[in-house]
Amino acid sequence: MDILFENGTIRTLERNSPDAQALLVRNGRIAAVGGRTAVEDQTGIDVRRVDLAGRTLLPAFLDAHSHFTACASHTMEVDLGGAGSFEDMITCIRQYIEDKKIPEGKWVTASGYDHNRLKEHSHPRRKVLDQAAPQNPLILKHQSGHMGVFNTMALNLLSVTGQTQAPQGGVIEMEGGLPTGYMEENAFLGFQGRIPMPSAEDFLTAYGRAQELYASYGITTVQEGLMASQLVPLYQMLLKSGLLKLDLISFMDIRDSDAARTAFESHIKNYKGHMKIGGYKMFLDGSPQGRTAWMRTPYLPETPDAEEKAQADAFPRTRAAKEDYCGYNTLEDSQVKENILKAELEDKQLLAHCNGDRAAEQYMDMLETVYRELGSGNSRKPGFYRGDIRPVMIHAQLLGLDQLERVKKLGIIPSFFLAHVYHWGDIHVRNFGQERAGRISPAASALKEGICFTLHQDSPVIMPDMMETLWCAVNRRSREGKVLGPEERIPMWDALKAVTVNGAYQYFEENEKGTVTPGKKADFVVLEQNPLETGADEIRNIRVLATIKEDRLLWKA
């Protein structure tokens with residue numbers, strides 16, 4: 001059956017292309033778009049008409065970076081996003097254990113807290129968590145995902161003692177020769193990976209909730225930003241169930257890829273059951289709001305007021321509080337080089353998590369080194385060789401303006417976590433000063449350099465709310481109402497391109513998605529208003545009314 005969309009604003013997002021009056025879909029593909037009469041003339045005998053009733057239809061949004069399984073997991077965890085103090089956290093966790101009738105000895109996971117927004121201005125430690133769950137092993141995940149805390153029972157089950165050494169690129173905090181429960185980066189991620197997972201049935205239900213969440217924000221292509229070996233059975237189960245309706249692009253953990261590559265060999269660069277393997281992912285540093293992002297210049301010293309200092313002094317302080325502290329790297333140069341070379345030789349895309357400008361510099365240095373070495377031994381492309389894997393710099397928040405020229409030269413696609421301006425912009429001012437904080441996610445400067453960039457939400461760090469991200473890109477306003485870097489605001493047209501056209505390019509899918517063009521997949525979002533004709537302040541209030549994947553309505557308001 002043909003499907004004809006009419007009576008609305010159809011924005012193709014093709015440059016220099018006028019709004020269309022009608023859109024014809026056949027077998028999940030765009031068959032025609034343009035004037036109403038011309039499109040109607042191409043319909044078949046059996047046609048279903050969809051009245052847009054004056055609403056706006058756009059190509060569906062593409063999620064340039066998030067963690068699909070973590071989003072599903074988040075629906076099975078204690079949500080601490082609203083906690084304002086240690087006491088609030090204790091209350092939430094106790095209530096969850098009671099409401100869910102969690103038996104003694106079963107693991108409990110709580111997530112979404114941010115120490116920057118707690119009354120204590122500190123991470124809780126195991127003794128606080130012991131009050132929340134004295135009979136259960138408990139893990140607390142920071143909102144950034146880069147750090148967290150374990151209670152005493154959890155530490156014992158994980159065999160973490162005063163003699164436990166932190167891995168490279170990680171921190172296990174000790175006090176008086178004993179672990180406090182607080183960990184950062186590779187240490188936290190490593191021990192988190194050893195926690196028992198929920199049941200297969202629970203995960204299938206959670207995957208359904210995660211898909212509905214993304215679709216409710218107009219997204220039809222999502223990402224698994226780090227597929228480690230423990231996720232392989234979950235994705236095998238999901239594919240077998242046939243429940244996956246969104247297009248899912250997974251990036252294998254480059255440190256731990258054998259199981260995924262073997263299990264999903266037929267999915268490499270190829271969709272099967274709506275999932276494909278896009279390439280590899282590596283981490284080069286941490287989180288700016290957690291003060292673990294790797295910087296070229298030091299963080300500003302923490303200067304709490306008297307009340308904050310009294311609270312903070314009651315708890316251990318991490319090395320992030322020290323002067324001349326620049327964060328730290330998670331990989332050495334040789335490891336980064338090895339990973340880049342692996343991706344290039346296998347012709348697989350590489351995503352590198354780089355928040356700090358020093359991490360960005362390491363990535364570029366090693367890309368340049370690899371390209372020179374490949375060029376010197378390449379008879380077809382002697383000299384400086386640039387590969388074709390479209391390397392991505394995930395987050396790129398503190399990427400320096402002086403580094404943009406190299407980004408362009410190396411063909412890197414920065415994927416900016418631009419909504420950080422709103423969610424943590426005020427924290428960045430405290431950590432880096434007004435001038436440096438004003439240059440986070442330098443989208444306008446990248447635009448002037450002719451750099452292709454995308455925008456993302458790193459869900460479940462924040463909700464995959466594309467309209468909020470577009471609002472942030474156009475306004476750059478923090479929670480406290482400060483405008484951070486007005487010169488880095490970008491026009492709505494370019495913001496929309498970043499989450500559609502550029503997102504498709506990042507995934508090597510520019511011939512399949514990103515614009516409303518005949519031959520491409522019929523992936524659309526229907527909005528209550530046209531964002532290109534809406535006041536800047538009102539963009540985040542535009543509602544998603546429907547999300548369509550090929551010829552299927554995935555979500556409707």
# chains A, B, ... in the order shown; residues from 1 in each chain; ligands from 1
call {"tool": "residues_around", "arguments": {"residues": "Phe417 in chain A", "least_positions_apart": "5", "cutoff": "7 Å", "atoms": "only C-alpha atoms", "output": "ChimeraX atom specification"}}
result
/A:395,397,441,455-457
call {"tool": "residues_around", "arguments": {"residues": "range 546-548 of chain A", "least_positions_apart": "5", "cutoff": "9 Å", "atoms": "only C-alpha atoms", "output": "PyMOL selection string"}}
result
chain A and resi 60+215-220+522-527+553-557
call {"tool": "atom_distance", "arguments": {"atom1": "CA of Gly425 in chain A", "atom2": "CA of Gln362 in chain A"}}
result
24.7 Å
call {"tool": "residues_around", "arguments": {"residues": "range 166-171 of chain A", "least_positions_apart": "5", "cutoff": "12 Å", "atoms": "only C-alpha atoms", "output": "ChimeraX atom specification"}}
result
/A:146-149,160-161,179-191,283-286,292-294,318-320,327-332,335
call {"tool": "residues_around", "arguments": {"residues": "Gly112 in chain A", "least_positions_apart": "2", "cutoff": "7 Å", "atoms": "only C-alpha atoms", "output": "PyMOL selection string"}}
result
chain A and resi 79-81+114+141-143
call {"tool": "write_last_selection", "arguments": {"atoms": "C-alpha atoms", "output": "short mmCIF file (atom, residue, chain, number, x, y, z; two decimals), in the first residue's frame"}}
result
data_model
loop_
_atom_site.label_atom_id
_atom_site.label_comp_id
_atom_site.auth_asym_id
_atom_site.auth_seq_id
_atom_site.Cartn_x
_atom_site.Cartn_y
_atom_site.Cartn_z
CA ASP A 79 16.69 6.89 39.94
CA LEU A 80 18.65 9.41 42.02
CA GLY A 81 18.34 12.28 39.55
CA ASP A 114 25.60 14.27 40.62
CA LYS A 141 26.56 5.23 39.45
CA HIS A 142 27.40 8.89 38.89
CA GLN A 143 25.30 10.63 36.23
#
call {"tool": "residues_around", "arguments": {"residues": "Asn530 in chain A", "least_positions_apart": "5", "cutoff": "9 Å", "atoms": "only C-alpha atoms", "output": "JSON, numbers by chain"}}
result
{"A": [9, 11, 55, 56, 57, 542]}
call {"tool": "closest_residue", "arguments": {"among": "A:Thr12, A:Asn116, A:Thr164, A:Ser241", "to": "His428 in chain A", "atoms": "only C-alpha atoms"}}
result
A:Asn116
call {"tool": "residues_around", "arguments": {"residues": "Arg49 in chain A", "least_positions_apart": "6", "cutoff": "12 Å", "atoms": "only C-alpha atoms", "output": "mmCIF file with all heavy atoms, in the first residue's frame"}}
result
data_model
loop_
_atom_site.group_PDB
_atom_site.id
_atom_site.type_symbol
_atom_site.label_atom_id
_atom_site.label_comp_id
_atom_site.auth_asym_id
_atom_site.auth_seq_id
_atom_site.Cartn_x
_atom_site.Cartn_y
_atom_site.Cartn_z
ATOM 1 N N MET A 1 0.836 -1.199 0.000
ATOM 2 C CA MET A 1 0.000 0.000 0.000
ATOM 3 C C MET A 1 0.876 1.256 0.000
ATOM 4 O O MET A 1 1.839 1.340 0.754
ATOM 5 C CB MET A 1 -0.909 0.020 1.235
ATOM 6 C CG MET A 1 -1.736 1.294 1.361
ATOM 7 S SD MET A 1 -2.619 1.428 2.927
ATOM 8 C CE MET A 1 -3.804 0.121 2.741
ATOM 9 N N ASP A 2 0.533 2.225 -0.833
ATOM 10 C CA ASP A 2 1.201 3.520 -0.815
ATOM 11 C C ASP A 2 0.694 4.345 0.357
ATOM 12 O O ASP A 2 -0.460 4.210 0.779
ATOM 13 C CB ASP A 2 0.936 4.277 -2.117
ATOM 14 C CG ASP A 2 1.678 3.691 -3.303
ATOM 15 O OD1 ASP A 2 2.472 2.767 -3.093
ATOM 16 O OD2 ASP A 2 1.462 4.174 -4.426
ATOM 17 N N ILE A 3 1.555 5.210 0.893
ATOM 18 C CA ILE A 3 1.162 6.130 1.963
ATOM 19 C C ILE A 3 1.467 7.541 1.490
ATOM 20 O O ILE A 3 2.603 7.839 1.093
ATOM 21 C CB ILE A 3 1.917 5.831 3.268
ATOM 22 C CG1 ILE A 3 1.711 4.376 3.699
ATOM 23 C CG2 ILE A 3 1.468 6.776 4.383
ATOM 24 C CD1 ILE A 3 2.565 3.951 4.883
ATOM 25 N N LEU A 4 0.463 8.411 1.505
ATOM 26 C CA LEU A 4 0.608 9.787 1.031
ATOM 27 C C LEU A 4 0.456 10.756 2.203
ATOM 28 O O LEU A 4 -0.596 10.794 2.852
ATOM 29 C CB LEU A 4 -0.436 10.096 -0.034
ATOM 30 C CG LEU A 4 -0.397 11.502 -0.634
ATOM 31 C CD1 LEU A 4 0.870 11.711 -1.458
ATOM 32 C CD2 LEU A 4 -1.640 11.775 -1.468
ATOM 33 N N PHE A 5 1.524 11.498 2.500
ATOM 34 C CA PHE A 5 1.478 12.530 3.536
ATOM 35 C C PHE A 5 1.164 13.861 2.865
ATOM 36 O O PHE A 5 1.806 14.238 1.865
ATOM 37 C CB PHE A 5 2.822 12.622 4.261
ATOM 38 C CG PHE A 5 3.174 11.404 5.067
ATOM 39 C CD1 PHE A 5 3.860 10.338 4.487
ATOM 40 C CD2 PHE A 5 2.825 11.309 6.405
ATOM 41 C CE1 PHE A 5 4.195 9.217 5.219
ATOM 42 C CE2 PHE A 5 3.147 10.187 7.151
ATOM 43 C CZ PHE A 5 3.840 9.135 6.556
ATOM 44 N N GLU A 6 0.199 14.600 3.422
ATOM 45 C CA GLU A 6 -0.216 15.855 2.807
ATOM 46 C C GLU A 6 -0.740 16.820 3.867
ATOM 47 O O GLU A 6 -0.891 16.465 5.042
ATOM 48 C CB GLU A 6 -1.293 15.585 1.755
ATOM 49 C CG GLU A 6 -2.502 14.844 2.303
ATOM 50 C CD GLU A 6 -3.475 14.398 1.223
ATOM 51 O OE1 GLU A 6 -3.269 14.759 0.049
ATOM 52 O OE2 GLU A 6 -4.444 13.703 1.565
ATOM 53 N N ASN A 7 -0.989 18.061 3.434
ATOM 54 C CA ASN A 7 -1.591 19.102 4.291
ATOM 55 C C ASN A 7 -0.716 19.481 5.479
ATOM 56 O O ASN A 7 -1.210 19.688 6.590
ATOM 57 C CB ASN A 7 -2.982 18.684 4.795
ATOM 58 C CG ASN A 7 -3.976 18.493 3.660
ATOM 59 O OD1 ASN A 7 -3.886 19.191 2.645
ATOM 60 N ND2 ASN A 7 -4.884 17.554 3.819
ATOM 61 N N ALA A 22 3.666 17.439 -0.560
ATOM 62 C CA ALA A 22 3.216 16.059 -0.415
ATOM 63 C C ALA A 22 4.415 15.121 -0.451
ATOM 64 O O ALA A 22 5.473 15.445 -0.991
ATOM 65 C CB ALA A 22 2.228 15.701 -1.524
ATOM 66 N N LEU A 23 4.188 13.940 0.123
ATOM 67 C CA LEU A 23 5.266 12.941 0.248
ATOM 68 C C LEU A 23 4.647 11.564 0.072
ATOM 69 O O LEU A 23 3.675 11.215 0.745
ATOM 70 C CB LEU A 23 5.916 13.081 1.620
ATOM 71 C CG LEU A 23 6.829 11.961 2.120
ATOM 72 C CD1 LEU A 23 8.070 11.854 1.247
ATOM 73 C CD2 LEU A 23 7.235 12.211 3.569
ATOM 74 N N LEU A 24 5.227 10.780 -0.813
ATOM 75 C CA LEU A 24 4.716 9.451 -1.088
ATOM 76 C C LEU A 24 5.709 8.391 -0.615
ATOM 77 O O LEU A 24 6.895 8.450 -0.938
ATOM 78 C CB LEU A 24 4.472 9.279 -2.596
ATOM 79 C CG LEU A 24 3.929 7.914 -3.047
ATOM 80 C CD1 LEU A 24 2.545 7.671 -2.471
ATOM 81 C CD2 LEU A 24 3.915 7.836 -4.577
ATOM 82 N N VAL A 25 5.212 7.433 0.160
ATOM 83 C CA VAL A 25 6.029 6.323 0.670
ATOM 84 C C VAL A 25 5.520 5.018 0.086
ATOM 85 O O VAL A 25 4.307 4.756 0.071
ATOM 86 C CB VAL A 25 5.985 6.275 2.209
ATOM 87 C CG1 VAL A 25 6.689 5.030 2.725
ATOM 88 C CG2 VAL A 25 6.613 7.528 2.805
ATOM 89 N N GLU A 40 0.763 13.170 -6.210
ATOM 90 C CA GLU A 40 -0.469 12.377 -6.289
ATOM 91 C C GLU A 40 -0.546 11.581 -7.591
ATOM 92 O O GLU A 40 -1.073 10.474 -7.623
ATOM 93 C CB GLU A 40 -1.696 13.287 -6.170
ATOM 94 C CG GLU A 40 -2.006 13.692 -4.738
ATOM 95 C CD GLU A 40 -3.354 14.376 -4.624
ATOM 96 O OE1 GLU A 40 -3.706 15.122 -5.567
ATOM 97 O OE2 GLU A 40 -4.029 14.176 -3.599
ATOM 98 N N THR A 43 0.829 8.017 -7.238
ATOM 99 C CA THR A 43 0.273 7.040 -6.299
ATOM 100 C C THR A 43 -0.340 5.862 -7.035
ATOM 101 O O THR A 43 -0.808 5.970 -8.173
ATOM 102 C CB THR A 43 -0.813 7.690 -5.412
ATOM 103 O OG1 THR A 43 -1.849 8.214 -6.240
ATOM 104 C CG2 THR A 43 -0.218 8.806 -4.563
#
call {"tool": "select_by_dssp", "arguments": {"residues": "range 1-95 of chain A", "states": "strand (DSSP E)", "output": "MDAnalysis selection string"}}
result
chainID A and resid 2:10 20:26 29:34 47:51 56:59 61:62 78:79
call {"tool": "residues_around", "arguments": {"residues": "range 460-474 of chain A", "least_positions_apart": "3", "cutoff": "8 Å", "atoms": "only C-alpha atoms", "output": "ChimeraX atom specification"}}
result
/A:61,63,66-67,70-71,74,112,143-145,213-214,217-218,418-419,421-422,443,455-457,477,489-492,495-496,499,536-542
call {"tool": "atom_distance", "arguments": {"atom1": "CA of Gly225 in chain A", "atom2": "CA of Leu62 in chain A"}}
result
13.6 Å
call {"tool": "closest_residue", "arguments": {"among": "A:Thr517, A:Ser229, A:Ser415, A:Thr69", "to": "Glu14 in chain A", "atoms": "only C-alpha atoms"}}
result
A:Thr517
call {"tool": "select_by_dssp", "arguments": {"residues": "range 183-307 of chain A", "states": "helix (DSSP H, G or I)", "output": "ChimeraX atom specification"}}
result
/A:185-192,200-216,229-241,258-263,265-267,306-307
call {"tool": "closest_residue", "arguments": {"among": "A:Ala498, A:Ile413, A:Ile97, A:Met295", "to": "Gly400 in chain A", "atoms": "only C-alpha atoms"}}
result
A:Met295
call {"tool": "closest_residue", "arguments": {"among": "A:Tyr371, A:Tyr207, A:Trp107, A:Phe86", "to": "Gly387 in chain A", "atoms": "only C-alpha atoms"}}
result
A:Tyr371
call {"tool": "closest_residue", "arguments": {"among": "A:His121, A:Lys240, A:Arg126, A:Lys549", "to": "Gly273 in chain A", "atoms": "only C-alpha atoms"}}
result
A:Lys240
call {"tool": "closest_residue", "arguments": {"among": "A:Arg29, A:His115, A:His65, A:Arg261", "to": "Thr454 in chain A", "atoms": "only C-alpha atoms"}}
result
A:His65
